[in-house]
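Text of the file query.pdb, holding PDB, C-alpha atoms and all ligand atoms:
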ATOM      1  CA  MET A   1    -234.158 -36.948 -44.527
ATOM      2  CA  SER A   2    -235.881 -36.551 -41.209
ATOM      3  CA  THR A   3    -236.497 -38.771 -38.219
ATOM      4  CA  LEU A   4    -239.831 -38.595 -36.402
ATOM      5  CA  PHE A   5    -240.723 -39.644 -32.868
ATOM      6  CA  ILE A   6    -244.316 -40.138 -31.721
ATOM      7  CA  SER A   7    -245.987 -41.715 -28.699
ATOM      8  CA  ASP A   8    -249.200 -41.751 -26.703
ATOM      9  CA  LEU A   9    -251.638 -41.752 -29.582
ATOM     10  CA  HIS A  10    -253.879 -44.003 -27.489
ATOM     11  CA  LEU A  11    -255.734 -44.988 -30.656
ATOM     12  CA  THR A  12    -259.131 -46.523 -30.057
ATOM     13  CA  PRO A  13    -262.336 -46.690 -32.096
ATOM     14  CA  GLU A  14    -263.897 -44.689 -29.235
ATOM     15  CA  ARG A  15    -261.840 -41.581 -30.120
ATOM     16  CA  PRO A  16    -262.058 -41.287 -33.909
ATOM     17  CA  ALA A  17    -260.615 -37.734 -34.000
ATOM     18  CA  SER A  18    -257.198 -39.003 -32.818
ATOM     19  CA  THR A  19    -257.202 -41.641 -35.535
ATOM     20  CA  GLU A  20    -258.054 -38.912 -38.087
ATOM     21  CA  TYR A  21    -255.141 -36.685 -36.951
ATOM     22  CA  PHE A  22    -252.910 -39.687 -37.195
ATOM     23  CA  VAL A  23    -253.959 -40.839 -40.658
ATOM     24  CA  GLU A  24    -253.531 -37.269 -41.895
ATOM     25  CA  PHE A  25    -250.114 -37.106 -40.238
ATOM     26  CA  MET A  26    -249.086 -40.386 -41.857
ATOM     27  CA  ARG A  27    -250.105 -39.193 -45.303
ATOM     28  CA  LEU A  28    -248.870 -35.585 -45.168
ATOM     29  CA  LYS A  29    -245.920 -35.630 -42.794
ATOM     30  CA  ALA A  30    -244.669 -39.137 -42.127
ATOM     31  CA  SER A  31    -244.329 -40.114 -45.757
ATOM     32  CA  SER A  32    -241.326 -37.769 -46.175
ATOM     33  CA  ALA A  33    -239.480 -39.145 -43.113
ATOM     34  CA  ASN A  34    -236.905 -41.872 -43.498
ATOM     35  CA  THR A  35    -237.238 -43.160 -39.931
ATOM     36  CA  ILE A  36    -240.158 -43.177 -37.486
ATOM     37  CA  TYR A  37    -239.929 -44.208 -33.853
ATOM     38  CA  VAL A  38    -243.168 -45.037 -32.026
ATOM     39  CA  LEU A  39    -242.352 -44.811 -28.318
ATOM     40  CA  GLY A  40    -245.302 -46.613 -26.816
ATOM     41  CA  ASP A  41    -249.038 -46.280 -26.241
ATOM     42  CA  LEU A  42    -249.809 -46.217 -29.931
ATOM     43  CA  PHE A  43    -252.977 -48.031 -28.879
ATOM     44  CA  GLU A  44    -255.251 -47.264 -25.947
ATOM     45  CA  TYR A  45    -254.974 -50.927 -25.084
ATOM     46  CA  TRP A  46    -253.744 -54.046 -26.816
ATOM     47  CA  ILE A  47    -254.903 -57.478 -25.748
ATOM     48  CA  GLY A  48    -253.044 -59.560 -28.328
ATOM     49  CA  ASP A  49    -252.341 -59.449 -32.054
ATOM     50  CA  ASP A  50    -255.191 -61.925 -32.701
ATOM     51  CA  ALA A  51    -257.661 -59.169 -31.689
ATOM     52  CA  SER A  52    -256.334 -56.411 -33.930
ATOM     53  CA  SER A  53    -259.476 -56.208 -36.089
ATOM     54  CA  ILE A  54    -261.734 -56.060 -33.016
ATOM     55  CA  LEU A  55    -259.579 -53.208 -31.702
ATOM     56  CA  GLY A  56    -260.117 -51.291 -34.957
ATOM     57  CA  ALA A  57    -256.410 -51.236 -35.738
ATOM     58  CA  ASP A  58    -256.515 -52.396 -39.366
ATOM     59  CA  PRO A  59    -256.569 -48.913 -41.011
ATOM     60  CA  VAL A  60    -253.619 -47.797 -38.888
ATOM     61  CA  ILE A  61    -251.669 -50.965 -39.576
ATOM     62  CA  SER A  62    -252.115 -50.528 -43.315
ATOM     63  CA  GLU A  63    -250.907 -46.888 -43.130
ATOM     64  CA  PHE A  64    -247.724 -48.054 -41.433
ATOM     65  CA  LYS A  65    -247.255 -50.917 -43.875
ATOM     66  CA  ARG A  66    -247.587 -48.558 -46.827
ATOM     67  CA  LEU A  67    -244.703 -46.471 -45.415
ATOM     68  CA  ALA A  68    -242.600 -49.517 -44.604
ATOM     69  CA  ASP A  69    -243.057 -50.843 -48.140
ATOM     70  CA  ALA A  70    -241.979 -47.453 -49.498
ATOM     71  CA  GLY A  71    -238.715 -47.754 -47.546
ATOM     72  CA  THR A  72    -239.404 -45.889 -44.279
ATOM     73  CA  GLN A  73    -237.743 -47.510 -41.276
ATOM     74  CA  LEU A  74    -240.389 -48.037 -38.591
ATOM     75  CA  PHE A  75    -239.503 -48.800 -35.001
ATOM     76  CA  PHE A  76    -242.088 -49.746 -32.383
ATOM     77  CA  MET A  77    -241.436 -49.646 -28.648
ATOM     78  CA  PRO A  78    -244.204 -50.837 -26.307
ATOM     79  CA  GLY A  79    -245.825 -48.554 -23.727
ATOM     80  CA  ASN A  80    -247.817 -49.408 -20.634
ATOM     81  CA  ARG A  81    -250.964 -49.843 -22.752
ATOM     82  CA  ASP A  82    -249.688 -51.838 -25.710
ATOM     83  CA  PHE A  83    -247.044 -54.076 -24.115
ATOM     84  CA  LEU A  84    -248.736 -57.114 -25.699
ATOM     85  CA  VAL A  85    -247.888 -56.094 -29.265
ATOM     86  CA  GLY A  86    -246.165 -59.145 -30.722
ATOM     87  CA  ASP A  87    -244.409 -60.474 -33.795
ATOM     88  CA  ALA A  88    -247.594 -60.857 -35.849
ATOM     89  CA  LEU A  89    -248.494 -57.174 -35.595
ATOM     90  CA  CYS A  90    -244.887 -56.106 -36.194
ATOM     91  CA  ASP A  91    -244.887 -58.192 -39.397
ATOM     92  CA  GLN A  92    -248.203 -56.772 -40.560
ATOM     93  CA  ALA A  93    -247.262 -53.152 -39.883
ATOM     94  CA  GLY A  94    -243.613 -53.395 -40.952
ATOM     95  CA  PHE A  95    -242.348 -52.556 -37.448
ATOM     96  CA  GLN A  96    -238.917 -53.348 -36.126
ATOM     97  CA  TYR A  97    -239.457 -54.044 -32.416
ATOM     98  CA  LEU A  98    -237.474 -52.097 -29.818
ATOM     99  CA  ALA A  99    -237.451 -53.047 -26.149
ATOM    100  CA  ASP A 100    -238.273 -50.278 -23.672
ATOM    101  CA  GLN A 101    -235.116 -48.323 -22.808
ATOM    102  CA  THR A 102    -233.066 -48.783 -25.947
ATOM    103  CA  LEU A 103    -229.958 -46.784 -26.871
ATOM    104  CA  VAL A 104    -229.816 -45.433 -30.406
ATOM    105  CA  THR A 105    -227.492 -43.034 -32.185
ATOM    106  CA  LEU A 106    -229.063 -39.888 -33.616
ATOM    107  CA  ASN A 107    -226.610 -38.342 -36.055
ATOM    108  CA  THR A 108    -223.596 -39.043 -33.839
ATOM    109  CA  GLU A 109    -225.261 -38.509 -30.464
ATOM    110  CA  PRO A 110    -226.187 -41.517 -28.295
ATOM    111  CA  ALA A 111    -229.767 -41.188 -27.083
ATOM    112  CA  LEU A 112    -231.908 -43.226 -24.725
ATOM    113  CA  LEU A 113    -235.390 -43.950 -26.040
ATOM    114  CA  LEU A 114    -238.016 -45.138 -23.586
ATOM    115  CA  HIS A 115    -241.749 -45.022 -23.063
ATOM    116  CA  GLY A 116    -241.254 -43.132 -19.808
ATOM    117  CA  ASP A 117    -243.385 -44.948 -17.240
ATOM    118  CA  SER A 118    -240.242 -46.501 -15.732
ATOM    119  CA  LEU A 119    -239.219 -42.949 -14.671
ATOM    120  CA  CYS A 120    -242.394 -42.428 -12.611
ATOM    121  CA  THR A 121    -240.876 -44.126  -9.598
ATOM    122  CA  ASP A 122    -243.286 -42.525  -7.085
ATOM    123  CA  ASP A 123    -246.207 -44.318  -8.706
ATOM    124  CA  ILE A 124    -245.821 -47.498  -6.704
ATOM    125  CA  GLU A 125    -249.100 -48.995  -7.889
ATOM    126  CA  HIS A 126    -248.096 -48.550 -11.516
ATOM    127  CA  GLN A 127    -244.615 -49.968 -10.940
ATOM    128  CA  GLN A 128    -246.220 -53.085  -9.437
ATOM    129  CA  PHE A 129    -248.563 -53.390 -12.435
ATOM    130  CA  ARG A 130    -245.601 -52.896 -14.775
ATOM    131  CA  ALA A 131    -243.607 -55.653 -13.091
ATOM    132  CA  MET A 132    -246.572 -58.023 -13.309
ATOM    133  CA  VAL A 133    -247.446 -57.476 -16.971
ATOM    134  CA  ASN A 134    -243.855 -57.476 -18.187
ATOM    135  CA  ASN A 135    -243.459 -60.996 -16.813
ATOM    136  CA  ALA A 136    -243.294 -63.532 -19.655
ATOM    137  CA  ASN A 137    -245.408 -66.139 -17.819
ATOM    138  CA  TRP A 138    -248.125 -63.597 -17.064
ATOM    139  CA  GLN A 139    -248.193 -62.596 -20.742
ATOM    140  CA  THR A 140    -248.409 -66.189 -21.971
ATOM    141  CA  GLN A 141    -251.259 -67.000 -19.589
ATOM    142  CA  PHE A 142    -253.116 -63.784 -20.430
ATOM    143  CA  LEU A 143    -252.877 -64.366 -24.183
ATOM    144  CA  GLU A 144    -254.401 -67.839 -23.726
ATOM    145  CA  LEU A 145    -257.614 -66.345 -22.275
ATOM    146  CA  PRO A 146    -260.636 -65.908 -24.577
ATOM    147  CA  ILE A 147    -260.668 -62.510 -26.333
ATOM    148  CA  GLU A 148    -263.826 -61.407 -24.455
ATOM    149  CA  THR A 149    -262.153 -62.066 -21.110
ATOM    150  CA  ARG A 150    -259.061 -60.125 -22.189
ATOM    151  CA  ILE A 151    -261.203 -57.168 -23.298
ATOM    152  CA  GLU A 152    -262.977 -57.164 -19.930
ATOM    153  CA  TYR A 153    -259.653 -57.132 -18.139
ATOM    154  CA  ALA A 154    -258.419 -54.217 -20.284
ATOM    155  CA  HIS A 155    -261.575 -52.230 -19.510
ATOM    156  CA  GLN A 156    -261.052 -52.818 -15.800
ATOM    157  CA  ALA A 157    -257.443 -51.670 -16.009
ATOM    158  CA  ARG A 158    -258.498 -48.524 -17.901
ATOM    159  CA  THR A 159    -261.200 -47.689 -15.377
ATOM    160  CA  MET A 160    -258.585 -47.859 -12.634
ATOM    161  CA  SER A 161    -256.134 -45.563 -14.411
ATOM    162  CA  ASN A 162    -258.709 -43.133 -15.910
ATOM    163  CA  SER A 163    -260.849 -42.434 -12.891
ATOM    164  CA  ASN A 164    -261.518 -38.911 -14.199
ATOM    165  CA  ASP A 165    -262.388 -39.162 -17.875
ATOM    166  CA  LYS A 166    -262.180 -35.420 -18.532
ATOM    167  CA  ASN A 167    -258.550 -35.004 -17.727
ATOM    168  CA  TYR A 168    -256.450 -38.076 -18.269
ATOM    169  CA  SER A 169    -253.119 -36.276 -18.034
ATOM    170  CA  ASP A 170    -253.622 -35.199 -14.433
ATOM    171  CA  GLU A 171    -254.108 -38.833 -13.565
ATOM    172  CA  ILE A 172    -250.636 -39.762 -14.744
ATOM    173  CA  MET A 173    -247.895 -39.095 -12.248
ATOM    174  CA  ASP A 174    -244.886 -37.215 -13.544
ATOM    175  CA  VAL A 175    -241.349 -38.564 -13.635
ATOM    176  CA  THR A 176    -239.228 -38.236 -10.514
ATOM    177  CA  GLU A 177    -235.889 -36.417 -10.357
ATOM    178  CA  SER A 178    -234.171 -39.554  -9.095
ATOM    179  CA  GLY A 179    -235.755 -41.718 -11.810
ATOM    180  CA  VAL A 180    -234.472 -39.333 -14.481
ATOM    181  CA  ALA A 181    -230.993 -38.992 -12.956
ATOM    182  CA  ASP A 182    -230.629 -42.773 -12.623
ATOM    183  CA  ALA A 183    -231.667 -43.339 -16.248
ATOM    184  CA  PHE A 184    -229.169 -40.755 -17.558
ATOM    185  CA  GLN A 185    -226.386 -42.259 -15.462
ATOM    186  CA  ASP A 186    -227.194 -45.942 -15.991
ATOM    187  CA  HIS A 187    -227.114 -45.468 -19.755
ATOM    188  CA  ALA A 188    -224.339 -42.825 -19.801
ATOM    189  CA  VAL A 189    -226.216 -40.551 -22.220
ATOM    190  CA  LYS A 190    -226.865 -36.817 -22.445
ATOM    191  CA  LEU A 191    -230.097 -37.110 -24.419
ATOM    192  CA  MET A 192    -233.309 -38.912 -23.541
ATOM    193  CA  ILE A 193    -236.604 -39.005 -25.444
ATOM    194  CA  HIS A 194    -239.796 -40.374 -23.927
ATOM    195  CA  GLY A 195    -243.562 -39.985 -23.703
ATOM    196  CA  HIS A 196    -246.104 -41.373 -21.245
ATOM    197  CA  THR A 197    -246.613 -38.353 -18.961
ATOM    198  CA  HIS A 198    -248.542 -36.293 -21.562
ATOM    199  CA  ARG A 199    -246.505 -33.263 -20.510
ATOM    200  CA  PRO A 200    -244.679 -32.386 -23.751
ATOM    201  CA  ASN A 201    -241.619 -30.239 -23.165
ATOM    202  CA  ILE A 202    -237.858 -29.926 -23.550
ATOM    203  CA  HIS A 203    -236.110 -30.163 -20.178
ATOM    204  CA  LYS A 204    -232.476 -29.406 -19.375
ATOM    205  CA  HIS A 205    -230.998 -31.226 -16.410
ATOM    206  CA  ARG A 206    -227.563 -31.004 -14.867
ATOM    207  CA  ILE A 207    -226.723 -34.543 -13.727
ATOM    208  CA  SER A 208    -223.463 -34.928 -11.758
ATOM    209  CA  GLY A 209    -221.868 -32.005 -13.585
ATOM    210  CA  THR A 210    -223.075 -33.000 -17.063
ATOM    211  CA  ASP A 211    -225.645 -31.010 -19.052
ATOM    212  CA  THR A 212    -228.390 -33.267 -20.355
ATOM    213  CA  ILE A 213    -231.564 -32.858 -22.366
ATOM    214  CA  ARG A 214    -234.829 -34.733 -21.852
ATOM    215  CA  ILE A 215    -237.518 -34.394 -24.481
ATOM    216  CA  VAL A 216    -241.064 -35.413 -23.574
ATOM    217  CA  LEU A 217    -243.484 -36.189 -26.403
ATOM    218  CA  GLY A 218    -247.138 -35.164 -26.201
ATOM    219  CA  ASP A 219    -250.339 -37.143 -26.493
ATOM    220  CA  TRP A 220    -252.788 -37.068 -29.414
ATOM    221  CA  TYR A 221    -256.081 -36.606 -27.567
ATOM    222  CA  GLU A 222    -256.720 -33.148 -29.001
ATOM    223  CA  GLN A 223    -253.922 -32.465 -31.463
ATOM    224  CA  ALA A 224    -251.048 -34.053 -33.327
ATOM    225  CA  SER A 225    -247.780 -34.053 -31.391
ATOM    226  CA  TYR A 226    -244.392 -35.236 -32.584
ATOM    227  CA  LEU A 227    -240.649 -34.643 -32.465
ATOM    228  CA  GLU A 228    -238.718 -34.166 -35.667
ATOM    229  CA  LEU A 229    -234.962 -34.458 -36.089
ATOM    230  CA  ASP A 230    -233.696 -32.793 -39.222
ATOM    231  CA  ASP A 231    -230.069 -31.743 -39.884
ATOM    232  CA  GLY A 232    -229.113 -31.767 -36.209
ATOM    233  CA  THR A 233    -232.094 -29.711 -35.076
ATOM    234  CA  LEU A 234    -234.805 -31.217 -32.900
ATOM    235  CA  LYS A 235    -238.269 -29.692 -33.214
ATOM    236  CA  LEU A 236    -240.983 -30.653 -30.760
ATOM    237  CA  HIS A 237    -244.401 -30.002 -32.296
ATOM    238  CA  ILE A 238    -247.316 -29.687 -29.882
ATOM    239  CA  GLY A 239    -250.290 -28.840 -32.048
ATOM    240  CA  GLU A 240    -249.385 -25.481 -33.659
ATOM    241  CA  GLN A 241    -246.619 -24.790 -31.152
ATOM    242  CA  VAL A 242    -242.979 -25.690 -31.934
ATOM    243  CA  LYS A 243    -240.070 -25.887 -29.476
ATOM    244  CA  THR A 244    -236.610 -26.146 -31.004
ATOM    245  CA  ILE A 245    -233.262 -27.324 -29.672
ATOM    246  CA  GLU A 246    -229.978 -28.216 -31.345
ATOM    247  CA  LEU A 247    -228.767 -31.783 -30.927
ATOM    248  CA  LEU A 248    -225.822 -31.810 -28.507
ATOM    249  CA  ASP A 249    -222.449 -31.732 -30.167
TER
HETATM  250 MN    MN Y 301    -248.096 -44.532 -21.133
END

Translate this file's structure into structure tokens.
Ligand code: MN
Amino acid sequence: MSTLFISDLHLTPERPASTEYFVEFMRLKASSANTIYVLGDLFEYWIGDDASSILGADPVISEFKRLADAGTQLFFMPGNRDFLVGDALCDQAGFQYLADQTLVTLNTEPALLLHGDSLCTDDIEHQQFRAMVNNANWQTQFLELPIETRIEYAHQARTMSNSNDKNYSDEIMDVTESGVADAFQDHAVKLMIHGHTHRPNIHKHRISGTDTIRIVLGDWYEQASYLELDDGTLKLHIGEQVKTIELLD
């Protein structure tokens, strides 16, 4: 009876090892969970559900569908790479779609789930990109372009954000203190779970006199990384390493 949280798999046919970790994880670990939350950047980029085969996503989609058919609840939240995931993919994979920044209840504790890029408020360039691509008109126009044109655009966007291929994580700005404080206060929660920064950790913050916990999920470039909630205990797995914290009571 466990709940799993994953993000930042950045799956792409160009990095087959990550897909292998993930398929193994789905078969060995995920099949015993009753709920799985994907908190964004499942895919390195997503240019529309009509291109899923070209993006090499079919094996992953069928792994998810197998779990969904067996009764696992699957929730998908978009990240800054796969914000164009739509209804067709959700149907195929058995995903229930969650908007970025959604409140859920874990056991009895309200928790804010988000991809995390909205917290990186110092990254002005990214916030401008985010505002543009989250616009419904922009999305409609983009999805009407030929697939080849969309792929070209995605490659350009990746080149801009991955200027140093060896170390992606250093290229992603971290969250800001004010971004985190605002999110805790706006949503009136004491627990937040997000990914995006590729800096997996469990942080404790004191926000206006209230103790809060922020859990950051890791990426899957070199190892599997996930958060597991089981019987009120949260375990953050980063490869072989495990960090544990009790759910607030
Ligand atoms: Mn991201």

| query | What does the PyMOL selection byres (((chain A and resi 224-226) around 7) and not hetatm) select in this file, as a count of residues only? | reply | 15

| Skipping near chain neighbours, those fewer than 2 positions away, what residues fall within 12 Å of Ile215 of chain A using only C-alpha atoms, listed as JSON, numbers by chain? | {"A": [5, 6, 7, 111, 112, 113, 114, 115, 116, 180, 190, 191, 192, 193, 194, 195, 196, 197, 198, 199, 200, 201, 202, 203, 204, 205, 212, 213, 217, 218, 226, 227, 228, 229, 234, 235, 236, 237, 243, 244, 245, 246, 247]}

Closest contacts (chain A/ligand MN 301 (chain Y), max 12 Å, only C-alpha atoms and all ligand atoms) as a tab-separated table:
residue	atom	partner	partner_atom	distance
A:Ser7	CA	Y:MN301	MN	8.3
A:Asp8	CA	Y:MN301	MN	6.3
A:Leu9	CA	Y:MN301	MN	9.6
A:His10	CA	Y:MN301	MN	8.6
A:Val38	CA	Y:MN301	MN	12.0
A:Leu39	CA	Y:MN301	MN	9.2
A:Gly40	CA	Y:MN301	MN	6.7
A:Asp41	CA	Y:MN301	MN	5.5
A:Leu42	CA	Y:MN301	MN	9.1
A:Phe43	CA	Y:MN301	MN	9.8
A:Glu44	CA	Y:MN301	MN	9.0
A:Tyr45	CA	Y:MN301	MN	10.2
A:Met77	CA	Y:MN301	MN	11.3
A:Pro78	CA	Y:MN301	MN	9.0
A:Gly79	CA	Y:MN301	MN	5.3
A:Asn80	CA	Y:MN301	MN	4.9
A:Arg81	CA	Y:MN301	MN	6.2
A:Asp82	CA	Y:MN301	MN	8.8
A:Phe83	CA	Y:MN301	MN	10.1
A:Asp100	CA	Y:MN301	MN	11.7
A:Leu114	CA	Y:MN301	MN	10.4
A:His115	CA	Y:MN301	MN	6.7
A:Gly116	CA	Y:MN301	MN	7.1
A:Asp117	CA	Y:MN301	MN	6.1
A:Ser118	CA	Y:MN301	MN	9.7
A:Leu119	CA	Y:MN301	MN	11.1
A:Cys120	CA	Y:MN301	MN	10.5
A:His126	CA	Y:MN301	MN	10.4
A:Arg130	CA	Y:MN301	MN	10.8
A:Arg158	CA	Y:MN301	MN	11.6
A:Ser161	CA	Y:MN301	MN	10.5
A:Asn162	CA	Y:MN301	MN	11.9
A:Tyr168	CA	Y:MN301	MN	10.9
A:Ser169	CA	Y:MN301	MN	10.1
A:Glu171	CA	Y:MN301	MN	11.2
A:Ile172	CA	Y:MN301	MN	8.4
A:Met173	CA	Y:MN301	MN	10.4
A:Asp174	CA	Y:MN301	MN	11.0
A:Val175	CA	Y:MN301	MN	11.7
A:His194	CA	Y:MN301	MN	9.7
A:Gly195	CA	Y:MN301	MN	6.9
A:His196	CA	Y:MN301	MN	3.7
A:Thr197	CA	Y:MN301	MN	6.7
A:His198	CA	Y:MN301	MN	8.3
A:Arg199	CA	Y:MN301	MN	11.4
A:Val216	CA	Y:MN301	MN	11.8
A:Leu217	CA	Y:MN301	MN	10.9
A:Gly218	CA	Y:MN301	MN	10.7
A:Asp219	CA	Y:MN301	MN	9.4

| field | Selected residue of minimal separation from Met26 of chain A among A:Ala51, A:Ile207, A:Ile61, A:Val85, counting all atoms listed in the file | value | A:Ile61

| said: So, with all atoms listed in the file as the atoms that count, which of A:Arg206, A:Asp186, A:Ala88, A:Thr159 lies closest to Thr102 of chain A? | reply: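 Ranked by minimum distance to Thr102 of chain A, first place goes to A:Asp186.
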
| task | Name the closest residue to Phe184 of chain A among the candidates A:Gln96, A:Thr105, A:Ser208, A:Thr19; distances are taken between atoms, counting only C-alpha atoms. | result | A:Ser208

Can you patch up segment 184-207 of chain A, filling it in to N, CA and C atoms, and show the result as a short mmCIF file (atom, residue, chain, number, x, y, z; two decimals), in the frame of the given file?
data_model
loop_
_atom_site.label_atom_id
_atom_site.label_comp_id
_atom_site.auth_asym_id
_atom_site.auth_seq_id
_atom_site.Cartn_x
_atom_site.Cartn_y
_atom_site.Cartn_z
N PHE A 184 -230.29 -41.40 -16.85
CA PHE A 184 -229.17 -40.76 -17.56
C PHE A 184 -227.85 -41.43 -17.20
N GLN A 185 -227.68 -41.71 -15.91
CA GLN A 185 -226.39 -42.26 -15.46
C GLN A 185 -226.22 -43.73 -15.83
N ASP A 186 -227.29 -44.51 -15.67
CA ASP A 186 -227.19 -45.94 -15.99
C ASP A 186 -226.83 -46.16 -17.46
N HIS A 187 -227.33 -45.28 -18.32
CA HIS A 187 -227.11 -45.47 -19.76
C HIS A 187 -226.02 -44.56 -20.30
N ALA A 188 -225.44 -43.72 -19.42
CA ALA A 188 -224.34 -42.82 -19.80
C ALA A 188 -224.64 -42.03 -21.07
N VAL A 189 -225.83 -41.38 -21.07
CA VAL A 189 -226.22 -40.55 -22.22
C VAL A 189 -226.50 -39.12 -21.76
N LYS A 190 -226.54 -38.22 -22.73
CA LYS A 190 -226.86 -36.82 -22.44
C LYS A 190 -228.21 -36.43 -23.08
N LEU A 191 -228.82 -37.39 -23.76
CA LEU A 191 -230.10 -37.11 -24.42
C LEU A 191 -231.07 -38.27 -24.18
N MET A 192 -232.27 -37.90 -23.81
CA MET A 192 -233.31 -38.91 -23.54
C MET A 192 -234.61 -38.44 -24.21
N ILE A 193 -235.32 -39.35 -24.82
CA ILE A 193 -236.60 -39.01 -25.44
C ILE A 193 -237.65 -40.00 -24.95
N HIS A 194 -238.74 -39.47 -24.40
CA HIS A 194 -239.80 -40.37 -23.93
C HIS A 194 -241.16 -39.71 -24.00
N GLY A 195 -242.19 -40.49 -23.76
CA GLY A 195 -243.56 -39.98 -23.70
C GLY A 195 -244.17 -40.31 -22.36
N HIS A 196 -245.36 -40.85 -22.39
CA HIS A 196 -246.10 -41.37 -21.24
C HIS A 196 -246.76 -40.32 -20.36
N THR A 197 -246.05 -39.27 -19.96
CA THR A 197 -246.61 -38.35 -18.96
C THR A 197 -247.62 -37.38 -19.56
N HIS A 198 -247.67 -37.25 -20.88
CA HIS A 198 -248.54 -36.29 -21.56
C HIS A 198 -248.22 -34.86 -21.13
N ARG A 199 -246.96 -34.61 -20.86
CA ARG A 199 -246.50 -33.26 -20.51
C ARG A 199 -245.38 -32.88 -21.47
N PRO A 200 -245.72 -32.62 -22.74
CA PRO A 200 -244.68 -32.39 -23.75
C PRO A 200 -243.82 -31.17 -23.40
N ASN A 201 -242.52 -31.34 -23.49
CA ASN A 201 -241.62 -30.24 -23.16
C ASN A 201 -240.18 -30.65 -23.47
N ILE A 202 -239.29 -29.66 -23.46
CA ILE A 202 -237.86 -29.93 -23.55
C ILE A 202 -237.25 -29.49 -22.22
N HIS A 203 -236.69 -30.45 -21.50
CA HIS A 203 -236.11 -30.16 -20.18
C HIS A 203 -234.59 -30.23 -20.25
N LYS A 204 -233.93 -29.32 -19.53
CA LYS A 204 -232.48 -29.41 -19.38
C LYS A 204 -232.18 -29.78 -17.93
N HIS A 205 -231.37 -30.79 -17.76
CA HIS A 205 -231.00 -31.23 -16.41
C HIS A 205 -229.49 -31.19 -16.30
N ARG A 206 -228.99 -30.85 -15.12
CA ARG A 206 -227.56 -31.00 -14.87
C ARG A 206 -227.42 -32.21 -13.94
N ILE A 207 -226.82 -33.28 -14.48
CA ILE A 207 -226.72 -34.54 -13.73
C ILE A 207 -225.25 -34.80 -13.44
#
